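J.: This one is run36.pdb, PDB, C-alpha atoms.
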ATOM      1  CA  MET B   1     -48.429 -24.183  33.225
ATOM      2  CA  THR B   2     -50.040 -24.271  36.672
ATOM      3  CA  ALA B   3     -51.854 -27.528  37.403
ATOM      4  CA  ALA B   4     -55.573 -27.365  38.122
ATOM      5  CA  VAL B   5     -54.963 -29.578  41.160
ATOM      6  CA  SER B   6     -51.644 -30.437  42.767
ATOM      7  CA  LEU B   7     -51.027 -32.800  45.700
ATOM      8  CA  ASP B   8     -47.608 -32.665  47.335
ATOM      9  CA  ARG B   9     -46.760 -35.550  49.698
ATOM     10  CA  VAL B  10     -50.326 -35.615  51.009
ATOM     11  CA  CYS B  11     -51.046 -37.949  53.909
ATOM     12  CA  CYS B  12     -54.188 -38.575  55.914
ATOM     13  CA  THR B  13     -54.403 -40.696  59.037
ATOM     14  CA  PHE B  14     -57.351 -41.599  61.240
ATOM     15  CA  GLY B  15     -57.260 -42.770  64.857
ATOM     16  CA  THR B  16     -54.406 -42.722  67.361
ATOM     17  CA  GLY B  17     -51.775 -45.079  68.709
ATOM     18  CA  ALA B  18     -52.216 -48.720  67.745
ATOM     19  CA  GLN B  19     -55.540 -47.839  66.087
ATOM     20  CA  THR B  20     -53.981 -45.421  63.589
ATOM     21  CA  VAL B  21     -55.016 -46.010  59.985
ATOM     22  CA  ARG B  22     -53.011 -44.393  57.189
ATOM     23  CA  ALA B  23     -55.777 -43.840  54.646
ATOM     24  CA  VAL B  24     -53.618 -41.822  52.238
ATOM     25  CA  ASP B  25     -49.868 -42.302  52.275
ATOM     26  CA  GLY B  26     -47.626 -39.654  50.689
ATOM     27  CA  VAL B  27     -49.513 -38.984  47.458
ATOM     28  CA  ASP B  28     -48.005 -36.740  44.762
ATOM     29  CA  LEU B  29     -50.295 -35.868  41.879
ATOM     30  CA  ASP B  30     -50.795 -33.120  39.282
ATOM     31  CA  ILE B  31     -54.064 -32.825  37.336
ATOM     32  CA  ALA B  32     -54.058 -30.554  34.290
ATOM     33  CA  ALA B  33     -56.665 -27.867  33.667
ATOM     34  CA  GLY B  34     -59.530 -29.209  31.572
ATOM     35  CA  GLU B  35     -58.551 -32.834  32.192
ATOM     36  CA  PHE B  36     -60.966 -35.670  32.888
ATOM     37  CA  PHE B  37     -58.977 -37.471  35.570
ATOM     38  CA  THR B  38     -60.177 -40.632  37.316
ATOM     39  CA  LEU B  39     -59.042 -42.117  40.608
ATOM     40  CA  LEU B  40     -59.649 -45.854  40.359
ATOM     41  CA  GLY B  41     -59.346 -48.390  43.134
ATOM     42  CA  PRO B  42     -61.178 -50.865  45.349
ATOM     43  CA  SER B  43     -63.202 -49.899  48.396
ATOM     44  CA  GLY B  44     -60.940 -48.635  51.166
ATOM     45  CA  SER B  45     -58.010 -47.847  48.866
ATOM     46  CA  GLY B  46     -57.956 -44.117  49.725
ATOM     47  CA  LYS B  47     -59.412 -42.597  46.555
ATOM     48  CA  THR B  48     -62.507 -41.099  48.209
ATOM     49  CA  THR B  49     -60.397 -39.706  51.056
ATOM     50  CA  VAL B  50     -58.317 -37.868  48.446
ATOM     51  CA  LEU B  51     -61.475 -36.430  46.905
ATOM     52  CA  ARG B  52     -62.742 -35.332  50.316
ATOM     53  CA  MET B  53     -59.407 -33.629  51.073
ATOM     54  CA  ILE B  54     -59.497 -31.778  47.752
ATOM     55  CA  GLY B  55     -63.078 -30.722  48.461
ATOM     56  CA  GLY B  56     -62.249 -29.614  52.008
ATOM     57  CA  PHE B  57     -64.477 -32.142  53.788
ATOM     58  CA  THR B  58     -61.411 -33.837  55.298
ATOM     59  CA  LEU B  59     -58.148 -32.057  56.122
ATOM     60  CA  PRO B  60     -54.791 -33.659  55.316
ATOM     61  CA  THR B  61     -52.604 -34.758  58.205
ATOM     62  CA  SER B  62     -49.578 -33.507  56.266
ATOM     63  CA  GLY B  63     -48.654 -32.293  52.801
ATOM     64  CA  HIS B  64     -50.146 -29.598  50.602
ATOM     65  CA  ILE B  65     -53.151 -29.373  48.275
ATOM     66  CA  ARG B  66     -53.175 -26.615  45.676
ATOM     67  CA  ILE B  67     -56.021 -25.652  43.350
ATOM     68  CA  GLY B  68     -55.026 -23.310  40.550
ATOM     69  CA  GLY B  69     -51.716 -22.735  42.319
ATOM     70  CA  GLN B  70     -53.336 -21.620  45.603
ATOM     71  CA  ASP B  71     -52.682 -23.650  48.739
ATOM     72  CA  VAL B  72     -56.106 -24.675  50.064
ATOM     73  CA  SER B  73     -54.916 -27.425  52.416
ATOM     74  CA  GLN B  74     -56.589 -25.931  55.502
ATOM     75  CA  GLN B  75     -59.433 -24.000  53.861
ATOM     76  CA  PRO B  76     -63.097 -24.987  54.426
ATOM     77  CA  PRO B  77     -65.170 -26.283  51.485
ATOM     78  CA  TYR B  78     -67.005 -23.003  50.867
ATOM     79  CA  ALA B  79     -63.695 -21.176  50.336
ATOM     80  CA  ARG B  80     -62.586 -23.488  47.507
ATOM     81  CA  PRO B  81     -63.513 -23.119  43.794
ATOM     82  CA  VAL B  82     -64.848 -26.673  43.846
ATOM     83  CA  ASN B  83     -68.229 -28.406  43.708
ATOM     84  CA  THR B  84     -69.021 -32.055  44.393
ATOM     85  CA  VAL B  85     -71.549 -34.527  42.989
ATOM     86  CA  PHE B  86     -72.162 -37.412  45.397
ATOM     87  CA  GLN B  87     -73.524 -40.873  44.650
ATOM     88  CA  ASP B  88     -76.829 -40.212  46.452
ATOM     89  CA  TYR B  89     -77.267 -36.831  44.659
ATOM     90  CA  ALA B  90     -78.417 -35.134  47.940
ATOM     91  CA  LEU B  91     -81.368 -33.309  46.330
ATOM     92  CA  PHE B  92     -83.870 -31.506  48.565
ATOM     93  CA  PRO B  93     -87.148 -33.476  48.341
ATOM     94  CA  HIS B  94     -89.340 -30.499  49.376
ATOM     95  CA  MET B  95     -88.008 -28.249  46.596
ATOM     96  CA  ASP B  96     -88.863 -28.421  42.919
ATOM     97  CA  ILE B  97     -86.085 -29.168  40.438
ATOM     98  CA  ARG B  98     -85.529 -25.555  39.439
ATOM     99  CA  ASP B  99     -85.041 -24.479  43.052
ATOM    100  CA  ASN B 100     -82.749 -27.460  43.691
ATOM    101  CA  VAL B 101     -80.482 -26.412  40.838
ATOM    102  CA  ALA B 102     -80.630 -22.738  41.845
ATOM    103  CA  TYR B 103     -79.916 -23.408  45.526
ATOM    104  CA  PRO B 104     -76.178 -22.462  45.428
ATOM    105  CA  LEU B 105     -77.124 -19.101  43.908
ATOM    106  CA  MET B 106     -79.789 -18.586  46.568
ATOM    107  CA  VAL B 107     -77.119 -19.051  49.233
ATOM    108  CA  ARG B 108     -75.116 -16.333  47.482
ATOM    109  CA  LYS B 109     -78.244 -14.119  47.543
ATOM    110  CA  VAL B 110     -78.534 -13.888  43.770
ATOM    111  CA  PRO B 111     -81.956 -12.367  42.867
ATOM    112  CA  ARG B 112     -84.626 -15.023  42.343
ATOM    113  CA  ALA B 113     -85.412 -14.238  38.713
ATOM    114  CA  GLU B 114     -81.722 -14.354  37.793
ATOM    115  CA  ARG B 115     -80.996 -17.609  39.593
ATOM    116  CA  LEU B 116     -84.085 -19.372  38.159
ATOM    117  CA  ALA B 117     -83.148 -18.271  34.650
ATOM    118  CA  LYS B 118     -79.655 -19.686  35.229
ATOM    119  CA  ALA B 119     -81.186 -22.917  36.570
ATOM    120  CA  ASP B 120     -83.255 -23.306  33.387
ATOM    121  CA  GLU B 121     -80.099 -22.763  31.351
ATOM    122  CA  LEU B 122     -78.258 -25.502  33.248
ATOM    123  CA  LEU B 123     -81.202 -27.905  32.999
ATOM    124  CA  ALA B 124     -81.166 -27.436  29.241
ATOM    125  CA  LEU B 125     -77.407 -28.062  29.238
ATOM    126  CA  VAL B 126     -77.903 -31.461  30.913
ATOM    127  CA  GLN B 127     -80.785 -32.263  28.543
ATOM    128  CA  LEU B 128     -83.613 -31.805  31.063
ATOM    129  CA  PRO B 129     -85.615 -28.861  29.722
ATOM    130  CA  GLY B 130     -89.164 -28.562  31.024
ATOM    131  CA  VAL B 131     -88.758 -30.524  34.282
ATOM    132  CA  GLY B 132     -88.131 -27.520  36.551
ATOM    133  CA  SER B 133     -91.518 -27.678  38.252
ATOM    134  CA  ARG B 134     -91.266 -31.355  39.213
ATOM    135  CA  ARG B 135     -89.998 -32.761  42.521
ATOM    136  CA  PRO B 136     -87.011 -35.149  42.763
ATOM    137  CA  ALA B 137     -89.292 -38.116  43.538
ATOM    138  CA  GLN B 138     -90.945 -37.653  40.140
ATOM    139  CA  LEU B 139     -87.692 -38.192  38.233
ATOM    140  CA  SER B 140     -85.780 -41.322  37.317
ATOM    141  CA  GLY B 141     -82.363 -42.080  38.778
ATOM    142  CA  GLY B 142     -80.622 -40.872  35.644
ATOM    143  CA  GLN B 143     -82.613 -37.635  35.639
ATOM    144  CA  ARG B 144     -81.796 -36.997  39.313
ATOM    145  CA  GLN B 145     -78.128 -37.536  38.521
ATOM    146  CA  ARG B 146     -78.318 -34.861  35.835
ATOM    147  CA  VAL B 147     -80.076 -32.468  38.227
ATOM    148  CA  ALA B 148     -77.281 -32.939  40.774
ATOM    149  CA  LEU B 149     -74.764 -32.277  38.020
ATOM    150  CA  ALA B 150     -76.574 -29.089  36.955
ATOM    151  CA  ARG B 151     -76.616 -27.848  40.551
ATOM    152  CA  ALA B 152     -72.895 -28.528  40.912
ATOM    153  CA  LEU B 153     -72.135 -26.608  37.714
ATOM    154  CA  ILE B 154     -74.287 -23.532  38.346
ATOM    155  CA  ASN B 155     -71.511 -21.773  40.304
ATOM    156  CA  GLN B 156     -69.068 -22.388  37.440
ATOM    157  CA  PRO B 157     -66.432 -24.140  39.581
ATOM    158  CA  GLN B 158     -62.835 -24.516  38.454
ATOM    159  CA  LEU B 159     -62.992 -28.142  39.512
ATOM    160  CA  LEU B 160     -65.856 -30.643  39.685
ATOM    161  CA  LEU B 161     -65.495 -33.638  41.998
ATOM    162  CA  LEU B 162     -67.640 -36.677  41.190
ATOM    163  CA  ASP B 163     -67.791 -39.341  43.907
ATOM    164  CA  GLU B 164     -69.023 -42.524  42.168
ATOM    165  CA  PRO B 165     -72.054 -40.614  40.802
ATOM    166  CA  LEU B 166     -73.158 -43.444  38.499
ATOM    167  CA  GLY B 167     -72.984 -46.259  41.038
ATOM    168  CA  ALA B 168     -76.734 -46.385  41.717
ATOM    169  CA  LEU B 169     -77.744 -46.589  38.045
ATOM    170  CA  ASP B 170     -78.482 -49.731  36.061
ATOM    171  CA  LEU B 171     -75.986 -50.858  33.431
ATOM    172  CA  LYS B 172     -77.635 -49.372  30.328
ATOM    173  CA  LEU B 173     -78.255 -45.999  31.970
ATOM    174  CA  ARG B 174     -74.761 -45.977  33.450
ATOM    175  CA  GLU B 175     -73.230 -46.489  30.002
ATOM    176  CA  GLN B 176     -75.409 -43.699  28.571
ATOM    177  CA  MET B 177     -74.412 -41.314  31.365
ATOM    178  CA  GLN B 178     -70.727 -42.133  30.871
ATOM    179  CA  SER B 179     -70.964 -40.880  27.313
ATOM    180  CA  GLU B 180     -72.986 -37.804  28.289
ATOM    181  CA  LEU B 181     -70.653 -36.848  31.153
ATOM    182  CA  LYS B 182     -67.612 -37.052  28.911
ATOM    183  CA  ALA B 183     -69.287 -34.956  26.202
ATOM    184  CA  LEU B 184     -70.412 -32.371  28.773
ATOM    185  CA  GLN B 185     -66.923 -32.090  30.246
ATOM    186  CA  ARG B 186     -65.450 -31.557  26.798
ATOM    187  CA  ARG B 187     -68.028 -28.864  26.028
ATOM    188  CA  LEU B 188     -67.501 -26.957  29.295
ATOM    189  CA  GLY B 189     -63.725 -27.404  29.597
ATOM    190  CA  ILE B 190     -63.993 -27.788  33.390
ATOM    191  CA  THR B 191     -61.535 -30.079  35.183
ATOM    192  CA  PHE B 192     -63.349 -33.242  36.310
ATOM    193  CA  LEU B 193     -62.018 -35.501  39.067
ATOM    194  CA  PHE B 194     -64.015 -38.712  38.913
ATOM    195  CA  ILE B 195     -63.929 -41.425  41.597
ATOM    196  CA  THR B 196     -64.879 -44.999  40.766
ATOM    197  CA  HIS B 197     -64.105 -48.635  41.495
ATOM    198  CA  ASP B 198     -65.410 -49.594  38.038
ATOM    199  CA  GLN B 199     -62.542 -50.187  35.614
ATOM    200  CA  HIS B 200     -64.820 -49.917  32.568
ATOM    201  CA  GLU B 201     -65.963 -46.433  33.601
ATOM    202  CA  ALA B 202     -62.378 -45.381  34.131
ATOM    203  CA  LEU B 203     -61.119 -46.754  30.811
ATOM    204  CA  SER B 204     -63.981 -45.370  28.714
ATOM    205  CA  MET B 205     -64.173 -41.835  30.150
ATOM    206  CA  SER B 206     -60.757 -40.704  31.339
ATOM    207  CA  ASP B 207     -57.926 -38.703  29.841
ATOM    208  CA  ARG B 208     -55.738 -40.202  32.564
ATOM    209  CA  ILE B 209     -56.248 -42.658  35.414
ATOM    210  CA  GLY B 210     -54.607 -42.890  38.827
ATOM    211  CA  VAL B 211     -54.843 -46.394  40.291
ATOM    212  CA  PHE B 212     -55.051 -46.451  44.084
ATOM    213  CA  ASN B 213     -54.160 -49.313  46.399
ATOM    214  CA  ARG B 214     -53.748 -49.168  50.183
ATOM    215  CA  GLY B 215     -53.471 -45.399  50.281
ATOM    216  CA  ARG B 216     -50.871 -45.118  47.533
ATOM    217  CA  LEU B 217     -50.941 -44.307  43.837
ATOM    218  CA  GLU B 218     -49.548 -47.374  42.101
ATOM    219  CA  GLN B 219     -49.694 -45.903  38.594
ATOM    220  CA  VAL B 220     -50.807 -42.774  36.746
ATOM    221  CA  GLY B 221     -51.244 -42.880  32.984
ATOM    222  CA  THR B 222     -53.597 -42.858  30.040
ATOM    223  CA  PRO B 223     -56.189 -45.655  29.891
ATOM    224  CA  GLN B 224     -54.100 -47.425  27.259
ATOM    225  CA  GLN B 225     -50.917 -47.150  29.339
ATOM    226  CA  VAL B 226     -52.603 -48.462  32.478
ATOM    227  CA  TYR B 227     -54.202 -51.356  30.607
ATOM    228  CA  ASP B 228     -51.394 -52.374  28.263
ATOM    229  CA  THR B 229     -48.370 -51.614  30.439
ATOM    230  CA  PRO B 230     -49.379 -51.916  34.105
ATOM    231  CA  ALA B 231     -46.633 -50.887  36.506
ATOM    232  CA  THR B 232     -47.441 -53.464  39.204
ATOM    233  CA  ARG B 233     -49.116 -56.793  39.699
ATOM    234  CA  PHE B 234     -52.003 -55.065  41.474
ATOM    235  CA  VAL B 235     -52.688 -52.771  38.503
ATOM    236  CA  ALA B 236     -52.473 -55.695  36.069
ATOM    237  CA  GLN B 237     -55.055 -57.697  37.998
ATOM    238  CA  PHE B 238     -57.373 -54.841  38.990
ATOM    239  CA  VAL B 239     -57.648 -53.200  35.567
ATOM    240  CA  GLY B 240     -59.103 -55.851  33.294
ATOM    241  CA  ALA B 241     -58.641 -59.589  33.311
ATOM    242  CA  ALA B 242     -55.038 -60.750  33.361
ATOM    243  CA  ASN B 243     -52.923 -63.846  33.528
ATOM    244  CA  VAL B 244     -50.146 -62.921  35.965
ATOM    245  CA  LEU B 245     -47.258 -65.354  35.673
ATOM    246  CA  GLU B 246     -44.369 -65.743  38.085
ATOM    247  CA  GLY B 247     -41.456 -67.982  38.905
ATOM    248  CA  ALA B 248     -40.799 -71.073  36.836
ATOM    249  CA  VAL B 249     -44.121 -70.728  34.992
ATOM    250  CA  ALA B 250     -43.254 -67.178  33.892
ATOM    251  CA  GLN B 251     -39.814 -68.304  32.711
ATOM    252  CA  ARG B 252     -41.268 -71.211  30.749
ATOM    253  CA  LEU B 253     -44.172 -69.354  29.105
ATOM    254  CA  ALA B 254     -42.873 -65.805  28.862
ATOM    255  CA  GLY B 255     -39.123 -65.847  29.423
ATOM    256  CA  GLN B 256     -39.548 -63.413  32.324
ATOM    257  CA  ALA B 257     -39.307 -63.565  36.106
ATOM    258  CA  ALA B 258     -42.849 -62.146  36.262
ATOM    259  CA  ALA B 259     -45.168 -61.154  33.443
ATOM    260  CA  MET B 260     -48.734 -60.325  32.428
ATOM    261  CA  LEU B 261     -50.629 -61.846  29.514
ATOM    262  CA  ARG B 262     -54.113 -60.524  28.726
ATOM    263  CA  PRO B 263     -56.683 -63.258  27.882
ATOM    264  CA  GLU B 264     -57.744 -61.538  24.637
ATOM    265  CA  ARG B 265     -54.151 -61.740  23.341
ATOM    266  CA  ILE B 266     -54.270 -65.550  23.440
ATOM    267  CA  ARG B 267     -55.658 -67.487  20.477
ATOM    268  CA  LEU B 268     -56.299 -71.141  19.751
ATOM    269  CA  GLY B 269     -54.411 -72.902  16.981
ATOM    270  CA  ALA B 270     -52.612 -76.006  15.844
ATOM    271  CA  ALA B 271     -50.121 -77.957  17.900
ATOM    272  CA  VAL B 272     -47.281 -76.695  15.708
ATOM    273  CA  ASP B 273     -45.515 -73.721  17.315
ATOM    274  CA  ALA B 274     -48.011 -73.633  20.200
ATOM    275  CA  ARG B 275     -46.773 -71.711  23.250
ATOM    276  CA  ALA B 276     -48.707 -74.031  25.585
ATOM    277  CA  THR B 277     -51.089 -76.985  25.494
ATOM    278  CA  GLY B 278     -53.721 -77.685  28.083
ATOM    279  CA  THR B 279     -57.230 -78.896  28.861
ATOM    280  CA  VAL B 280     -60.307 -76.672  28.960
ATOM    281  CA  ALA B 281     -61.495 -76.646  32.572
ATOM    282  CA  GLU B 282     -64.298 -74.071  32.276
ATOM    283  CA  VAL B 283     -66.212 -72.196  29.573
ATOM    284  CA  GLN B 284     -67.965 -68.874  30.335
ATOM    285  CA  TYR B 285     -70.161 -67.167  27.729
ATOM    286  CA  PHE B 286     -70.325 -63.333  27.918
ATOM    287  CA  GLY B 287     -72.020 -62.562  24.600
ATOM    288  CA  SER B 288     -69.315 -60.483  22.931
ATOM    289  CA  PHE B 289     -66.669 -63.042  23.920
ATOM    290  CA  THR B 290     -66.253 -66.482  25.490
ATOM    291  CA  ARG B 291     -63.714 -66.984  28.261
ATOM    292  CA  LEU B 292     -61.904 -70.280  28.651
ATOM    293  CA  ARG B 293     -60.020 -71.424  31.709
ATOM    294  CA  VAL B 294     -57.321 -73.758  30.440
ATOM    295  CA  ASP B 295     -55.449 -76.065  32.820
ATOM    296  CA  LEU B 296     -51.783 -76.363  31.844
ATOM    297  CA  GLY B 297     -50.944 -78.700  34.705
ATOM    298  CA  ASP B 298     -48.754 -76.311  36.652
ATOM    299  CA  THR B 299     -50.971 -73.227  36.170
ATOM    300  CA  PRO B 300     -54.343 -72.182  34.700
ATOM    301  CA  LEU B 301     -54.598 -69.617  31.905
ATOM    302  CA  GLN B 302     -57.586 -67.562  30.835
ATOM    303  CA  ALA B 303     -58.128 -67.148  27.091
ATOM    304  CA  ASP B 304     -60.872 -65.065  25.452
ATOM    305  CA  LEU B 305     -62.444 -66.050  22.139
ATOM    306  CA  PRO B 306     -64.282 -63.406  20.065
ATOM    307  CA  GLY B 307     -68.070 -63.586  19.980
ATOM    308  CA  GLY B 308     -69.413 -65.930  17.308
ATOM    309  CA  MET B 309     -66.346 -68.177  17.363
ATOM    310  CA  PRO B 310     -67.170 -71.780  18.295
ATOM    311  CA  ALA B 311     -65.779 -72.628  21.713
ATOM    312  CA  PRO B 312     -64.253 -75.964  22.694
ATOM    313  CA  ALA B 313     -66.040 -78.000  25.329
ATOM    314  CA  ALA B 314     -64.819 -78.555  28.851
ATOM    315  CA  GLY B 315     -62.316 -81.423  28.892
ATOM    316  CA  GLN B 316     -61.067 -80.781  25.361
ATOM    317  CA  ALA B 317     -57.355 -80.334  24.698
ATOM    318  CA  VAL B 318     -56.384 -76.981  23.151
ATOM    319  CA  HIS B 319     -53.182 -75.393  21.856
ATOM    320  CA  LEU B 320     -52.519 -71.778  22.856
ATOM    321  CA  HIS B 321     -50.660 -69.184  20.787
ATOM    322  CA  TRP B 322     -49.641 -65.580  21.440
ATOM    323  CA  ASP B 323     -47.181 -63.054  20.053
ATOM    324  CA  ASP B 324     -44.107 -61.900  21.959
ATOM    325  CA  SER B 325     -45.632 -58.400  22.090
ATOM    326  CA  ALA B 326     -48.540 -59.770  24.153
ATOM    327  CA  VAL B 327     -46.243 -60.408  27.117
ATOM    328  CA  HIS B 328     -45.697 -57.477  29.463
ATOM    329  CA  PRO B 329     -42.922 -57.920  32.049
ATOM    330  CA  LEU B 330     -43.763 -56.998  35.634
ATOM    331  CA  GLY B 331     -41.516 -56.081  38.516
ATOM    332  CA  ALA B 332     -40.902 -58.431  41.408
ATOM    333  CA  VAL B 333     -44.162 -60.142  42.354
TER     334      VAL B 333
END
Take the structure in this file and express it as structure tokens.
T.:
Amino acid sequence: MTAAVSLDRVCCTFGTGAQTVRAVDGVDLDIAAGEFFTLLGPSGSGKTTVLRMIGGFTLPTSGHIRIGGQDVSQQPPYARPVNTVFQDYALFPHMDIRDNVAYPLMVRKVPRAERLAKADELLALVQLPGVGSRRPAQLSGGQRQRVALARALINQPQLLLLDEPLGALDLKLREQMQSELKALQRRLGITFLFITHDQHEALSMSDRIGVFNRGRLEQVGTPQQVYDTPATRFVAQFVGAANVLEGAVAQRLAGQAAAMLRPERIRLGAAVDARATGTVAEVQYFGSFTRLRVDLGDTPLQADLPGGMPAPAAGQAVHLHWDDSAVHPLGAV
């Protein structure tokens, strides 16, 4: 089956000579049709440059980009079956909402009555019926995000690119929009490529995740694969909280040269059969769980206690337990 998006040894460099920056370094990636795929990574890791190359806003220095099997590497944005939703939404303040959504059809010279009817249909799809006569300034941030989404979908693209579209929203609204975006993507069956630096967004919404670091894909997998079996130390530490052990400490606690141990896999117990004993150095309350930082003498460990469980006080000695299955070996650190 032809991939919806395929990147073949794609590179992108900026600058010349000693000032050359390799923003994307030999990326290979296939995204399946109808997949919700997320590129996750810190600022400057290369994920947004990849999105811009797929959208045609930046051209690759080398390599090939194919959409639906067609090489679009050097094509301009308007020649690609792609639409993009940006973080700032880019709505026209002088137009009402209906005309904002219908704008791509106006550019294609679709008759006004037809394009406005289609705009109303899309506004209903994103749960904004009846707001077509308002201006963008009269809507909330979440409503403006939905308008931008409706406008991006009105041309029925093969691929929708979403460049951190939820970044400007508050936490509650962001969580609501995560659920709505995922449900909308499932209903439409359009391939979504979502860009974020937020691990929780990536884990909760994605079919698969590609973790970016310094212009390279360090791992591609399902959310569970990326979280439970990270391929590198960077992935282990960037996706969720992790105790990364190395050297003599890793050998003593995990029997490995380098290993990861998630804090939620550690529990407190009796001294008998304890894997480690230490002193609580810090207690952090997060509502649904409490995080302890336990000083073992030669290394600290984080341990998470479920919400409602009494937590030991700072300075108290504790005994730590975990199952062998909680330890995930890592490559050379």
J.: Which neighbours of segment 234-248 of chain B fall inside 7 Å, counting all atoms listed in the file, when residues of the same chain fewer than 6 positions from it are skipped, and could you give them as a list in words?
T.: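 So the residues in contact are Gln199, Val211, Tyr227, Ala257, Ala258, Ala259, Met260, Leu261, Arg262, Pro263, Leu301 and Gln302 of chain B.
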J.: Tell me, in Å to one decimal, how far atom CA of Ile65 of chain B is from atom CA of Arg214 of chain B.
T.: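 A separation of 19.9 Å between them.
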J.: List the spatial neighbours of Leu217 of chain B as a CSV table (one decimal) with C-alpha atoms, in the coordinates of the input - criterion: any atom at most 12 Å away, all atoms listed in the file, same-chain residues fewer than 3 positions off excluded.
T.:
chain,number,residue,atom,x,y,z
B,7,LEU,CA,-51.0,-32.8,45.7
B,9,ARG,CA,-46.8,-35.6,49.7
B,10,VAL,CA,-50.3,-35.6,51.0
B,11,CYS,CA,-51.0,-37.9,53.9
B,23,ALA,CA,-55.8,-43.8,54.6
B,24,VAL,CA,-53.6,-41.8,52.2
B,25,ASP,CA,-49.9,-42.3,52.3
B,26,GLY,CA,-47.6,-39.7,50.7
B,27,VAL,CA,-49.5,-39.0,47.5
B,28,ASP,CA,-48.0,-36.7,44.8
B,29,LEU,CA,-50.3,-35.9,41.9
B,38,THR,CA,-60.2,-40.6,37.3
B,39,LEU,CA,-59.0,-42.1,40.6
B,40,LEU,CA,-59.6,-45.9,40.4
B,41,GLY,CA,-59.3,-48.4,43.1
B,45,SER,CA,-58.0,-47.8,48.9
B,46,GLY,CA,-58.0,-44.1,49.7
B,47,LYS,CA,-59.4,-42.6,46.6
B,50,VAL,CA,-58.3,-37.9,48.4
B,209,ILE,CA,-56.2,-42.7,35.4
B,210,GLY,CA,-54.6,-42.9,38.8
B,211,VAL,CA,-54.8,-46.4,40.3
B,212,PHE,CA,-55.1,-46.5,44.1
B,213,ASN,CA,-54.2,-49.3,46.4
B,214,ARG,CA,-53.7,-49.2,50.2
B,220,VAL,CA,-50.8,-42.8,36.7
B,221,GLY,CA,-51.2,-42.9,33.0
B,231,ALA,CA,-46.6,-50.9,36.5
B,232,THR,CA,-47.4,-53.5,39.2
B,234,PHE,CA,-52.0,-55.1,41.5
B,235,VAL,CA,-52.7,-52.8,38.5
J.: Care to translate the PyMOL selection byres ((chain B and resi 274-279) around 9) into actual residues of this file, as a ChimeraX atom specification?
T.: /B:253,268-273,280-281,293-297,300-301,314-322
J.: What is the atom CA of Asp170 of chain B to atom CA of Leu184 of chain B distance in Å?
T.: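 Atom CA of Asp170 of chain B sits 20.5 Å away from atom CA of Leu184 of chain B.
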J.: With a distance cut-off of 10 Å and all atoms listed in the file, select the neighbouring residues of Arg112 of chain B, excluding the residue or stretch itself and same-chain residues fewer than 5 positions from it, and output the selection as a VMD selection string.
T.: chain B and resid 99 102 105 to 106 117 to 118
J.: Using only C-alpha atoms, find the one residue out of B:Gly69, B:Gly132, B:Pro111, B:Gly55 that sits nearest to Ala32 of chain B.
T.: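 Checking each candidate against Ala32 of chain B, we get B:Gly69 as the closest.
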J.: Would you work out the distance separating atom CA of Gly189 of chain B from atom CA of Gly34 of chain B, expressed in Å to one decimal?
T.: 5.0 Å
J.: Evaluate the PyMOL selection byres ((chain B and resi 143) around 12) here and jot the selected residues down as an MDAnalysis selection string.
T.: chainID B and resid 89 91 97 123 126:129 131:132 134:142 144:150 166 169 173:174 176:177
J.: Give me the box for segment 15-21 of chain B as AutoDock Vina command-line options, namely the centre and edge lengths in Å to one decimal of a box along x, y and z that holds every listed atom plus 8 Å on each side.
T.:
--center_x -54.5 --center_y -45.7 --center_z 64.3 --size_x 21.5 --size_y 22.0 --size_z 24.7
J.: Between B:Gly255, B:Pro165, B:Pro230, B:Pro223, which one has atoms that come closest to Ile195 of chain B, using all atoms listed in the file?
T.: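 Checking each of B:Gly255, B:Pro165, B:Pro230, B:Pro223 against Ile195 of chain B, counting all atoms listed in the file, the winner is B:Pro165.
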J.: Using all atoms listed in the file, determine which residues lie at most 8 Å from Gly68 of chain B, disregarding the query and same-chain residues fewer than 2 positions distant; provide the list as a list in words.
T.: Thr2, Ala3, Ala4, Val5, Arg66 and Gln70 of chain B
J.: Smallest atom-to-atom distance to Met205 of chain B: which of B:Pro312, B:Glu164, B:Phe36, B:Gln256, using all atoms listed in the file?
T.: B:Phe36
J.: Give the answer as one residue: which of B:Pro81, B:Pro60, B:Ile154, B:Val107 has the shortest atom-to-atom distance to Thr13 of chain B, using all atoms listed in the file?
T.: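 That would be B:Pro60, the residue with the smallest distance to Thr13 of chain B.
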J.: So which residues are close to (-67.0, -29.0, 41.2), meaning at most 6 Å away in the file's coordinates with all atoms listed in the file counted, and can you show them as an NGL selection string?
T.: :B and (82-84 or 152 or 157 or 159-161)
J.: Restricting the calculation to only C-alpha atoms: of B:His197, B:Arg187, B:Arg265, B:Arg216, which residue gets closest to Ser325 of chain B?
T.: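 Under the stated criterion, the closest residue is B:Arg265.
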